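Undergrad: Just dropping this structure here.
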Protein chains: 4
Amino acid sequence: MSVSETVEVAGHLIDSGVLGPILDDIREYGGDYVIDKFEVGRGAHAHSRATITVTTDDDEALQRLLMRLQTRGVNQVDPGEAAVATAELDGVFPDGFYSTTNLPTKVRLASRWYDVVNPEMDCGLVVETENEVPVRIVTLPMSDVRAGMSVVTGASGIRVQVPQAARDDETFGFMESDVSSEKPQAVLVRQVAEGMREARAAGKKVLWVGGPGVVHTGAAPAMVAMVRAGFVDVLFAGNALATHDIEAALYGTSLGVDLSMGRGVEHGHEHHIRALNTIRKEGSIRAAVENGVLEGGIMHALVVNDKRFVLVGSVRDDGPLPDVHTDVIEGQRAMRAELEDVGFCLMVATMLHSVATGNILPASIPLVCVDINPATVTKLSDRGSSQARGIVTDVGLFLEQLAVELVPEYRRA
Amino acid sequence: MSVSETVEVAGHLIDSGVLGPILDDIREYGGDYVIDKFEVGRGAHAHSRATITVTTDDDEALQRLLMRLQTRGVNQVDPGEAAVATAELDGVFPDGFYSTTNLPTKVRLASRWYDVVNPEMDCGLVVETENEVPVRIVTLPMSDVRAGMSVVTGASGIRVQVPQAARDDETFGFMESDVSSEKPQAVLVRQVAEGMREARAAGKKVLWVGGPGVVHTGAAPAMVAMVRAGFVDVLFAGNALATHDIEAALYGTSLGVDLSMGRGVEHGHEHHIRALNTIRKEGSIRAAVENGVLEGGIMHALVVNDKRFVLVGSVRDDGPLPDVHTDVIEGQRAMRAELEDVGFCLMVATMLHSVATGNILPASIPLVCVDINPATVTKLSDRGSSQARGIVTDVGLFLEQLAVELVPEYRRA
Amino acid sequence: MSVSETVEVAGHLIDSGVLGPILDDIREYGGDYVIDKFEVGRGAHAHSRATITVTTDDDEALQRLLMRLQTRGVNQVDPGEAAVATAELDGVFPDGFYSTTNLPTKVRLASRWYDVVNPEMDCGLVVETENEVPVRIVTLPMSDVRAGMSVVTGASGIRVQVPQAARDDETFGFMESDVSSEKPQAVLVRQVAEGMREARAAGKKVLWVGGPGVVHTGAAPAMVAMVRAGFVDVLFAGNALATHDIEAALYGTSLGVDLSMGRGVEHGHEHHIRALNTIRKEGSIRAAVENGVLEGGIMHALVVNDKRFVLVGSVRDDGPLPDVHTDVIEGQRAMRAELEDVGFCLMVATMLHSVATGNILPASIPLVCVDINPATVTKLSDRGSSQARGIVTDVGLFLEQLAVELVPEYRRA
Amino acid sequence: MSVSETVEVAGHLIDSGVLGPILDDIREYGGDYVIDKFEVGRGAHAHSRATITVTTDDDEALQRLLMRLQTRGVNQVDPGEAAVATAELDGVFPDGFYSTTNLPTKVRLASRWYDVVNPEMDCGLVVETENEVPVRIVTLPMSDVRAGMSVVTGASGIRVQVPQAARDDETFGFMESDVSSEKPQAVLVRQVAEGMREARAAGKKVLWVGGPGVVHTGAAPAMVAMVRAGFVDVLFAGNALATHDIEAALYGTSLGVDLSMGRGVEHGHEHHIRALNTIRKEGSIRAAVENGVLEGGIMHALVVNDKRFVLVGSVRDDGPLPDVHTDVIEGQRAMRAELEDVGFCLMVATMLHSVATGNILPASIPLVCVDINPATVTKLSDRGSSQARGIVTDVGLFLEQLAVELVPEYRRA
């Protein structure tokens, strides 16, 4: 006995090629479909709208397929009301829980639509009530759910909205026709600078996510200049970026970068381990700055300019620095706590922290990923950060150019 | 006022090209040198010996240079006695602490040489005493030192020994003249198989370190066969390998591998998040197996064959699985606890966990790293795991061939 | 004053995502469009059909856009008759010449449709006449056109046909749902084997395109076995593959493959240059085989089994071998002369020769490209060989497995 | 019956690690050795000298080993006189011909030492005589030897000299201690600029070798500025760079660069083929410039500034442009004819032409290779261009920075 549901999707369906993946999903989940209606926008800027009836063998399969389709911006024509179940165990969602996207999401409960406060992918939706009346719906990661919480199940009563910005927005249109044929790299630098300026003008924060390559490629002075000029509000990184930066500041030595191969040489090196011990002795990076132990570099600049940073550890860490969250789930919580009011995100030279940040970032925040390795950029998009714009280039030269663009006095230095 | 020390190094100095890096280190640390004596082994299998006087501006620089040189197997001609200081803070070594290598190490205290029990790089040396007499010297990572412990400082009284195996050992000589010109890949597979068999014959354990690529490339059945046949005693991995393996076992679906690009497609996918929830509900992977929830795959095979695994989390994890160490420092401790009696280590398709394992593994344990990405292999050697042998190849085909070699009945399946 | 034309395209428009690139092309050429009609196939296997009116500023732009769109399988609804102009110079097409695709193509002249004999991309269409009546229409590369020839101009009177095989064909459906989740690599090997067997069963030839990596990865014995068993009818390669193969056969030495890095080490080596001199002295590879100078390897196997090979030189060649076409345009002609009756093409470990072959191969011939470097596979598709299936894997292990699959007695050797 | 020869090598033997490869060569050629004497330079800047007796089974093996060792700068202690044989066939060297290195080379004939006029690797040495007296010794590639020429055989009577510049030269010491830790990329740009200025000051030419990536990354305006300012005397390239440059100049369109992936998208595109036809109609690039057809871009700048270029074809070429040498051996000859007085060589974004140029360039000419792909840089060194300095970076940003450094007015543009 098969079950069906009618769904719809609208927007630049034809340009974006989104229909192919939608139909692939249906097949992958063992479903079948009929395209009931396809209204095609006739001209170059018109939207299209498709209505599709999907059929699966049973309701569980159907609910899961509907959730899957929502990651593509496909909603039920008649969404109905959301179903809710109670979590029975800490850290475990009820069976059939609704698995979230990072898109703007609405949930219908008791005939009212609620906006989800903090869209994040791969979470559950928890209904917060006062006097048994729903007042707020939030995403919650699996590890944070507690027994007794009300969790949305199934795909009914939920609508997501795909940002059309990527195609329509003229101010951040990488790879669009407004990219001059003459100096594409320079145009990209200018667009990233513009994105940051706009975020700042709108009172939003600029979030950086960085790997040790920022230090290895010699971009620390450029980044320091941008911290001072107010273009770095928050930094997410690991133990490596901070330690290499501090090591360079403490020992004034070259880090042994093998420039010919474009990669940092990691020596397993006593400079490194001694720098860690020095900061651990002070108790924190801030203490090391305040005690005059740490006098330069990126971390120093963040501290003296009262900017935020979240360092999260990994299994390969030495030390680590006292500021590093060694528990990765605690680290994710610390990162989430900094996301409010972020209006632009730049990811530089790190796959691990870029994917981690992509996991928790709403799709509505402009996101640019810069790496010399195309795989990092690809990985991020594969993970579902569809808003990500990738730039495959040399991190050191890129940040140098970005500093020249953003900080007029930097060039004269 | 400059200070000097005379050091020596012996072995296949000329073949191995180790002298260049030694002299580079001296320059990098601002030192100078005179080669006092250079006895060259005359024939093709003879060892050479160099005696070098190194000079720096002050004693601190000299001690640090001497520690650095020990990572190359360079010892003081007259090592003297080790100096010891007391740690004053938890998690902080005394100033001037001796930073360890992963080489077999001896320490001289009260005119006696002690073997270091567990060589590991980038740690300190802690002297354990009974009735104020030293009884044991152990490496301890920075995060585990406690106030009051006795820690070796400076480079005096310490000798390291470079394993000559890499060049002399005929049974594991990758890239040597016994590599047939005909089928190099097949020879490599056979050599890895032989290394595992030898470890087992010697009563040693075989350690695997794996990334999700093992599952993505379709090598799970091959690995399961090797688990059953006793060639996988311990697995170090992250949340991803275990979750993807369990997801495939629970949902029987293709993981959406983009075979044309040789990489796994990560959907940010509700299969993934639902598999995590299912195991979390059971409380552990073992419970899921015992309750009949998990009935196949690599993790299942490890459980039913009573093999060990250590899963350590990372900041990009969803879930994670209940067995995952979310604290990376705890995770490192759990990994260290499994190293005893390891006689062979195979690393497959993971840069993060390979480097993490390389960090804690003694240099005396044969180590092979297989990845389609040359950077993973290079990174491992750069970090100081000089014993690492790298094989750049397709992980799926390699494990398939390895299973055929190790498990005669696998081919017939 | 703008000009318009109505075009149509049919097939799996929605799955394939082909409409996005079509609309991108229109914008790139400065055109505008209206979608007049869009008939959507309702079910999972139905075809769709779109009718679009495109508009540009002048006729030249329109003709060029129409040619561009034909590379996507878009034809004019009312194609009319083809226009023809006479070439005035050797090696130069008339202005406005029709630039070909590699798709099956029909041309309408004097109210009759003619099939183009040999579809090839980026060529012109030459009308051959007898008694002033068209008898045949052939593609001709720019360098081969001669003054006085009749060449088709503009996009009128031409229809191309996009092969639907890629999506519909069940027997060669890489990346489709029939790819088992269990052993994807093994499935790929088996599908390539099946493609070769089918070509042979249909009386077609199997074309190989290879780079020196075939020799470096130790796959020469596997390839020799496949030559003997009749699965290599023609080989396209450069001087390098043949010379490295012959060098290995003559000197019985390892080629100094750096297996740890998965790449061949090229010594600039006197073995290499001496092997070249030896064959040059004999006058040809065949003569070297017949005189007993060359007694093994891939080239030897091709000669003794009377198989064909075309070697084309490049600017980096030493020697070259006497059989190498040093004029690349002559080399292209020699390659074209071997294409008749090719029914399957396997490209292994060469970007240069793969792209060169992709340039001249009709889109109707199944094409698989195997390389450890994803860029090679991507490049081929970017160039317009849309039928290409890519496999990113280790060439040595892949050919070993393919030989085991195709040549039962190979495994026993 | 074994034969022996005593050889010597001097220089920075210990820093450079050259002895390991020398001993590897001896083993690879089946020889044995005894190190007779090893005088080690004691201090940091002293040279060392080793005297080694090598033994092989027969004289042919010995001669070949001696030639091989000369590529490492190893000479016979007692070189004796060179032996000479007559070529019997066009394009074929006599058996046992001396295979050259790209190092400065001297040949001893009739008790006199002659300098080889034009060192080039993998060639033979031809003795030119007047009245039966040797007057000149030149390298000649295999394809250019003619019957009757006198060719040096065996390794006797030959000395090569390894340039010590790489280590001693302070002005071009990449990766040395004078590379500031602060801005390594900027330092590299400045060093390349300095190398070009020095070459020019010494009255030498600057040779560029480029791939189409120069155009794709938007660096054409930067390169044009450097052509005008006199920093590009000769360009070696293929059909692709010139065609893409001309296509951009003729059609003013973006080339469809996929900036997000850092690679050019090659459309198989009628722009491309039409640009080729346009220039072919003019007869040459120069004619197209003179007739006002081509009005901008790199090729235009070379023509109007009377700079030289050599374009050599490859098997994947469309067209090609009328200036392209379609015969690769002719192309090599044309390249050789431009090498005189070259004092600096910059290779950008091309593996094929970089290796081709490395093949014919004397080792004494400073050589820098810039590519985003580390494999290109590695390949060049593997081939024997030991003087090559590699920079793995973004080509577009690098050339932009180089133009800013070399052409003060460029920044203001």
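Chain labels run A, B, ... following the order of the structure tokens; each chain numbers its residues from 1, and ligands are numbered from 1 in the order shown.
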What are the nearest atom pairs, with distances in Å to one decimal, for all residues of chain C that come at most 6 Å from chain A, using only C-alpha atoms, set out by chain and rising residue number as a tab-separated table?

TA:
```
residue	atom	partner	partner_atom	distance
C:Ile14	CA	A:Gly20	CA	5.5
C:Asp15	CA	A:Gly20	CA	3.9
C:Gly17	CA	A:Gly17	CA	4.7
C:Leu19	CA	A:Ile14	CA	6.0
C:Gly20	CA	A:Asp15	CA	3.9
C:Tyr33	CA	A:Gly43	CA	5.9
C:Val34	CA	A:Gly43	CA	4.7
C:Ile35	CA	A:Arg42	CA	4.6
C:Arg42	CA	A:Ile35	CA	4.5
C:Gly43	CA	A:Val34	CA	4.7
```

Undergrad: Please provide the set of residues having any atom within 7 Å of segment 341-351 of chain D, restricted to only C-alpha atoms, with same-chain residues fewer than 4 positions apart removed, written as a list in words.

TA: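 These residues fall inside the cut-off: Gly195, Met196, Ala199, Lys204, Lys205, Val206, Leu207, Trp208, Val209, Gly210, Gly211, Gly213, Val214, Val355, Ile365, Pro366, Leu367, Val368, Cys369, Val370, Asp371, Thr376 and Val395 of chain D.
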
Undergrad: Restrict the selected residues to all heavy atoms and save them as a short mmCIF file (atom, residue, chain, number, x, y, z; two decimals), in the first residue's frame.

TA:
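again.cif was written with the following content:
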```
data_model
loop_
_atom_site.label_atom_id
_atom_site.label_comp_id
_atom_site.auth_asym_id
_atom_site.auth_seq_id
_atom_site.Cartn_x
_atom_site.Cartn_y
_atom_site.Cartn_z
N GLY D 195 66.02 38.98 -10.04
CA GLY D 195 66.69 38.11 -11.02
C GLY D 195 66.54 38.65 -12.44
O GLY D 195 67.48 38.64 -13.24
N MET D 196 65.36 39.17 -12.75
CA MET D 196 65.12 39.72 -14.09
C MET D 196 65.92 41.01 -14.28
O MET D 196 66.52 41.21 -15.35
CB MET D 196 63.64 40.01 -14.28
CG MET D 196 62.81 38.74 -14.41
SD MET D 196 61.09 39.15 -14.79
CE MET D 196 60.45 37.50 -15.12
N ALA D 199 69.55 40.17 -14.87
CA ALA D 199 69.80 39.63 -16.20
C ALA D 199 69.85 40.78 -17.21
O ALA D 199 70.76 40.85 -18.04
CB ALA D 199 68.70 38.63 -16.58
N LYS D 204 71.61 40.50 -20.67
CA LYS D 204 71.07 39.19 -21.01
C LYS D 204 69.56 39.29 -21.27
O LYS D 204 68.91 40.25 -20.87
CB LYS D 204 71.29 38.22 -19.83
CG LYS D 204 72.74 37.97 -19.49
CD LYS D 204 73.37 37.02 -20.48
CE LYS D 204 74.78 36.64 -20.02
NZ LYS D 204 75.37 35.64 -20.92
N LYS D 205 69.04 38.25 -21.89
CA LYS D 205 67.61 38.22 -22.19
C LYS D 205 66.81 37.49 -21.10
O LYS D 205 67.33 36.59 -20.44
CB LYS D 205 67.37 37.50 -23.53
CG LYS D 205 67.95 38.24 -24.73
CD LYS D 205 67.51 37.62 -26.04
CE LYS D 205 68.15 36.27 -26.26
NZ LYS D 205 67.84 35.70 -27.60
N VAL D 206 65.56 37.89 -20.97
CA VAL D 206 64.65 37.20 -20.06
C VAL D 206 63.70 36.34 -20.90
O VAL D 206 63.01 36.84 -21.79
CB VAL D 206 63.84 38.20 -19.21
CG1 VAL D 206 62.84 37.46 -18.33
CG2 VAL D 206 64.79 39.04 -18.35
N LEU D 207 63.72 35.03 -20.60
CA LEU D 207 62.88 34.07 -21.32
C LEU D 207 61.67 33.71 -20.46
O LEU D 207 61.82 33.35 -19.30
CB LEU D 207 63.71 32.81 -21.60
CG LEU D 207 62.96 31.57 -22.10
CD1 LEU D 207 62.32 31.81 -23.46
CD2 LEU D 207 63.92 30.37 -22.16
N TRP D 208 60.50 33.82 -21.04
CA TRP D 208 59.27 33.36 -20.37
C TRP D 208 58.76 32.11 -21.07
O TRP D 208 58.82 31.99 -22.29
CB TRP D 208 58.16 34.42 -20.45
CG TRP D 208 58.37 35.63 -19.59
CD1 TRP D 208 59.44 36.48 -19.60
CD2 TRP D 208 57.47 36.12 -18.59
NE1 TRP D 208 59.26 37.47 -18.67
CE2 TRP D 208 58.06 37.28 -18.04
CE3 TRP D 208 56.23 35.70 -18.10
CZ2 TRP D 208 57.44 38.03 -17.03
CZ3 TRP D 208 55.61 36.43 -17.10
CH2 TRP D 208 56.23 37.59 -16.56
N VAL D 209 58.22 31.20 -20.28
CA VAL D 209 57.56 30.01 -20.80
C VAL D 209 56.18 30.01 -20.17
O VAL D 209 56.07 30.05 -18.94
CB VAL D 209 58.35 28.74 -20.42
CG1 VAL D 209 57.70 27.51 -21.05
CG2 VAL D 209 59.81 28.86 -20.83
N GLY D 210 55.14 30.01 -20.99
CA GLY D 210 53.81 30.20 -20.39
C GLY D 210 52.75 29.27 -20.93
O GLY D 210 52.81 28.81 -22.07
N GLY D 211 51.78 28.99 -20.09
CA GLY D 211 50.61 28.21 -20.49
C GLY D 211 49.37 29.08 -20.51
O GLY D 211 49.41 30.24 -20.08
N GLY D 213 46.96 29.26 -18.64
CA GLY D 213 46.58 29.76 -17.32
C GLY D 213 46.94 31.23 -17.13
O GLY D 213 46.29 31.93 -16.34
N VAL D 214 47.95 31.70 -17.84
CA VAL D 214 48.30 33.12 -17.76
C VAL D 214 47.09 33.98 -18.17
O VAL D 214 46.78 34.98 -17.53
CB VAL D 214 49.52 33.43 -18.65
CG1 VAL D 214 49.76 34.93 -18.74
CG2 VAL D 214 50.76 32.71 -18.13
N VAL D 355 58.80 21.59 -19.11
CA VAL D 355 59.70 20.44 -19.21
C VAL D 355 60.49 20.52 -20.52
O VAL D 355 61.69 20.29 -20.56
CB VAL D 355 58.93 19.12 -19.09
CG1 VAL D 355 59.81 17.93 -19.44
CG2 VAL D 355 58.37 18.97 -17.69
N ILE D 365 71.67 28.69 -16.22
CA ILE D 365 70.70 29.79 -16.32
C ILE D 365 69.69 29.69 -15.19
O ILE D 365 69.03 28.67 -15.03
CB ILE D 365 69.99 29.75 -17.68
CG1 ILE D 365 71.01 29.97 -18.80
CG2 ILE D 365 68.88 30.81 -17.74
CD1 ILE D 365 70.44 29.89 -20.18
N PRO D 366 69.56 30.76 -14.38
CA PRO D 366 68.59 30.74 -13.29
C PRO D 366 67.19 30.50 -13.83
O PRO D 366 66.82 31.05 -14.87
CB PRO D 366 68.69 32.14 -12.68
CG PRO D 366 70.01 32.66 -13.10
CD PRO D 366 70.32 32.03 -14.42
N LEU D 367 66.43 29.70 -13.12
CA LEU D 367 65.17 29.18 -13.63
C LEU D 367 64.18 29.16 -12.49
O LEU D 367 64.43 28.58 -11.44
CB LEU D 367 65.45 27.75 -14.11
CG LEU D 367 64.32 26.86 -14.56
CD1 LEU D 367 63.54 27.52 -15.67
CD2 LEU D 367 64.89 25.53 -15.06
N VAL D 368 63.04 29.82 -12.66
CA VAL D 368 62.00 29.82 -11.65
C VAL D 368 60.71 29.32 -12.29
O VAL D 368 60.36 29.73 -13.40
CB VAL D 368 61.78 31.23 -11.06
CG1 VAL D 368 60.61 31.22 -10.08
CG2 VAL D 368 63.03 31.71 -10.37
N CYS D 369 60.04 28.41 -11.60
CA CYS D 369 58.82 27.80 -12.13
C CYS D 369 57.67 28.11 -11.19
O CYS D 369 57.72 27.78 -10.00
CB CYS D 369 59.03 26.30 -12.25
SG CYS D 369 57.59 25.43 -12.82
N VAL D 370 56.63 28.76 -11.69
CA VAL D 370 55.48 29.17 -10.88
C VAL D 370 54.24 28.42 -11.36
O VAL D 370 53.89 28.48 -12.54
CB VAL D 370 55.24 30.69 -11.01
CG1 VAL D 370 54.06 31.11 -10.14
CG2 VAL D 370 56.48 31.47 -10.64
N ASP D 371 53.60 27.73 -10.43
CA ASP D 371 52.39 26.99 -10.81
C ASP D 371 51.56 26.76 -9.55
O ASP D 371 52.10 26.65 -8.46
CB ASP D 371 52.78 25.65 -11.45
CG ASP D 371 51.71 25.15 -12.40
OD1 ASP D 371 50.59 24.87 -11.94
OD2 ASP D 371 51.99 25.02 -13.60
N THR D 376 53.83 20.16 -11.18
CA THR D 376 54.60 20.76 -12.27
C THR D 376 56.01 21.09 -11.80
O THR D 376 57.00 20.83 -12.49
CB THR D 376 53.92 22.05 -12.76
OG1 THR D 376 52.60 21.74 -13.14
CG2 THR D 376 54.66 22.67 -13.94
N VAL D 395 48.87 31.83 -10.06
CA VAL D 395 49.58 32.49 -11.15
C VAL D 395 49.09 33.92 -11.37
O VAL D 395 49.87 34.85 -11.58
CB VAL D 395 49.44 31.64 -12.43
CG1 VAL D 395 49.79 32.45 -13.66
CG2 VAL D 395 50.31 30.40 -12.32
#
```

Undergrad: Tell me which of A:Gly396, A:Gly297, A:Pro141, A:Gly203 sits closest to Glu340 of chain A, counting only C-alpha atoms.

TA: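 Among A:Gly396, A:Gly297, A:Pro141, A:Gly203, it is A:Gly203 that comes nearest to Glu340 of chain A.
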
Undergrad: Neighbouring residues of segment 60-77 of chain A were defined as those with any atom within 7 Å, considering only C-alpha atoms; residues of the same chain fewer than 4 positions away were excluded. Please report them as a ChimeraX atom specification.

TA: /A:6-9,22,26,29,56,98-99,101,154-155,159-162 /B:270

Undergrad: Selection from above, C-alpha atoms, as a compact mmCIF listing (two decimals), in the first residue's frame, can you write it?

TA:
```
# COMPACT_ATOMS: atom_id res chain seq x y z
CA THR A 6 2.12 16.60 -3.24
CA VAL A 7 5.05 18.98 -3.02
CA GLU A 8 6.05 22.15 -4.74
CA VAL A 9 9.19 24.11 -5.45
CA ILE A 22 15.28 16.50 -6.54
CA ILE A 26 13.16 10.57 -5.02
CA TYR A 29 14.67 6.86 -1.49
CA THR A 56 6.62 5.69 -1.60
CA TYR A 98 12.51 15.95 11.82
CA SER A 99 16.11 16.40 10.62
CA THR A 101 18.26 22.05 7.06
CA GLY A 154 7.94 13.82 10.47
CA ALA A 155 7.83 16.43 7.73
CA ARG A 159 8.14 24.98 5.33
CA VAL A 160 11.64 25.97 4.33
CA GLN A 161 12.65 28.85 2.13
CA VAL A 162 15.56 28.69 -0.28
CA GLU B 270 19.15 12.41 7.20
```

Undergrad: Assign secondary structure with DSSP using the backbone only, and return the residues of segment 8-130 of chain A in strand (DSSP E or B) as number ranges by chain.

TA: A: 8-11, 32-39, 48-56, 75-76, 83-86, 89, 92, 97, 105-109, 112-116, 124-130

Undergrad: Can you check which residues of segment 92-262 of chain C DSSP gives as helix (DSSP H, G or I) on the backbone and send them as a VMD selection string?

TA: chain C and resid 142 to 144 165 to 168 184 to 201 213 to 216 220 to 228 239 to 251 259 to 261

Undergrad: Write out as a list of chain:residue names each polymer residue whose atoms come within 6 Å of Leu241 of chain A, counting only C-alpha atoms; drop sequence neighbours fewer than 2 positions from it.

TA: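 Contacts, in chain order: A:Gly211, A:Pro212, A:Asn239, A:Thr243, A:His244.
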
Undergrad: Mind giving me the straight-line distance from atom CA of Ala363 of chain D to atom CA of Val84 of chain D in Å, one decimal?

TA: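 If I compute the distance from atom CA of Ala363 of chain D to atom CA of Val84 of chain D, I get 25.0 Å.
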
Undergrad: Tell me, in Å to one decimal, how far atom CA of Lys307 of chain B is from atom CA of Val189 of chain B.

TA: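 Between atom CA of Lys307 of chain B and atom CA of Val189 of chain B the gap works out to 23.2 Å.
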
Undergrad: Pick out the residues sitting within 8 Å of Ala301 of chain D, and hand them over as a list in words; count only C-alpha atoms, and ignore anything fewer than 6 positions along from it in its own chain.

TA: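 Residues meeting the cut-off are Val224, Val227 and Arg228 of chain D.
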
Undergrad: Could you name the residues that touch segment 277-285 of chain C at 6 Å or less, counting only C-alpha atoms, but leaving out those on the same chain fewer than 5 positions away, as JSON, numbers by chain?

TA: {"C": [322, 323], "D": [92]}

Undergrad: Using atom CA of Val117 of chain C and atom CA of Val324 of chain D as the two end points, give the distance in Å to one decimal.

TA: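 Computing the Euclidean distance for atom CA of Val117 of chain C and atom CA of Val324 of chain D yields 29.2 Å.
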
Undergrad: So which residues touch Ala220 of chain A within 8 Å, counting only C-alpha atoms, skipping near sequence neighbours fewer than 2 positions away, as a tab-separated table (two decimals) with N, CA, C and O atoms, in the first residue's frame?

TA:
```tsv
chain	number	residue	atom	x	y	z
A	214	VAL	N	47.43	30.27	7.21
A	214	VAL	CA	47.44	31.74	7.29
A	214	VAL	C	48.81	32.21	7.78
A	214	VAL	O	49.38	33.17	7.26
A	215	VAL	N	49.35	31.51	8.77
A	215	VAL	CA	50.68	31.87	9.29
A	215	VAL	C	51.78	31.41	8.33
A	215	VAL	O	52.71	32.16	8.01
A	218	GLY	N	52.73	33.48	5.40
A	218	GLY	CA	53.23	34.82	5.68
A	218	GLY	C	52.15	35.87	5.73
A	218	GLY	O	52.42	37.07	5.63
A	222	ALA	N	49.20	40.82	7.34
A	222	ALA	CA	48.00	41.29	6.66
A	222	ALA	C	46.77	41.07	7.54
A	222	ALA	O	45.91	41.95	7.67
A	223	MET	N	46.71	39.93	8.19
A	223	MET	CA	45.54	39.64	9.02
A	223	MET	C	45.54	40.56	10.26
A	223	MET	O	44.47	41.03	10.66
A	224	VAL	N	46.70	40.81	10.82
A	224	VAL	CA	46.79	41.73	11.96
A	224	VAL	C	46.24	43.10	11.56
A	224	VAL	O	45.46	43.72	12.30
A	245	ASP	N	51.14	30.86	15.22
A	245	ASP	CA	51.19	32.32	15.31
A	245	ASP	C	51.99	32.75	16.55
A	245	ASP	O	52.84	33.63	16.47
A	297	GLY	N	51.61	39.29	16.65
A	297	GLY	CA	50.91	38.21	15.94
A	297	GLY	C	49.40	38.39	15.97
A	297	GLY	O	48.86	39.37	16.49
A	298	ILE	N	48.74	37.42	15.37
A	298	ILE	CA	47.29	37.49	15.19
A	298	ILE	C	46.56	37.38	16.53
A	298	ILE	O	45.65	38.17	16.81
D	182	GLU	N	58.24	36.98	7.68
D	182	GLU	CA	57.05	37.82	7.70
D	182	GLU	C	56.20	37.69	6.45
D	182	GLU	O	55.03	37.43	6.51
```

Undergrad: Rank D:Tyr410, D:Tyr114, D:Phe398, D:Phe236 by their smallest atom-to-atom distance to Arg190 of chain D, using only C-alpha atoms, and report the top residue only.

TA: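 When distances to Arg190 of chain D are compared using only C-alpha atoms, the smallest one comes from D:Phe398.
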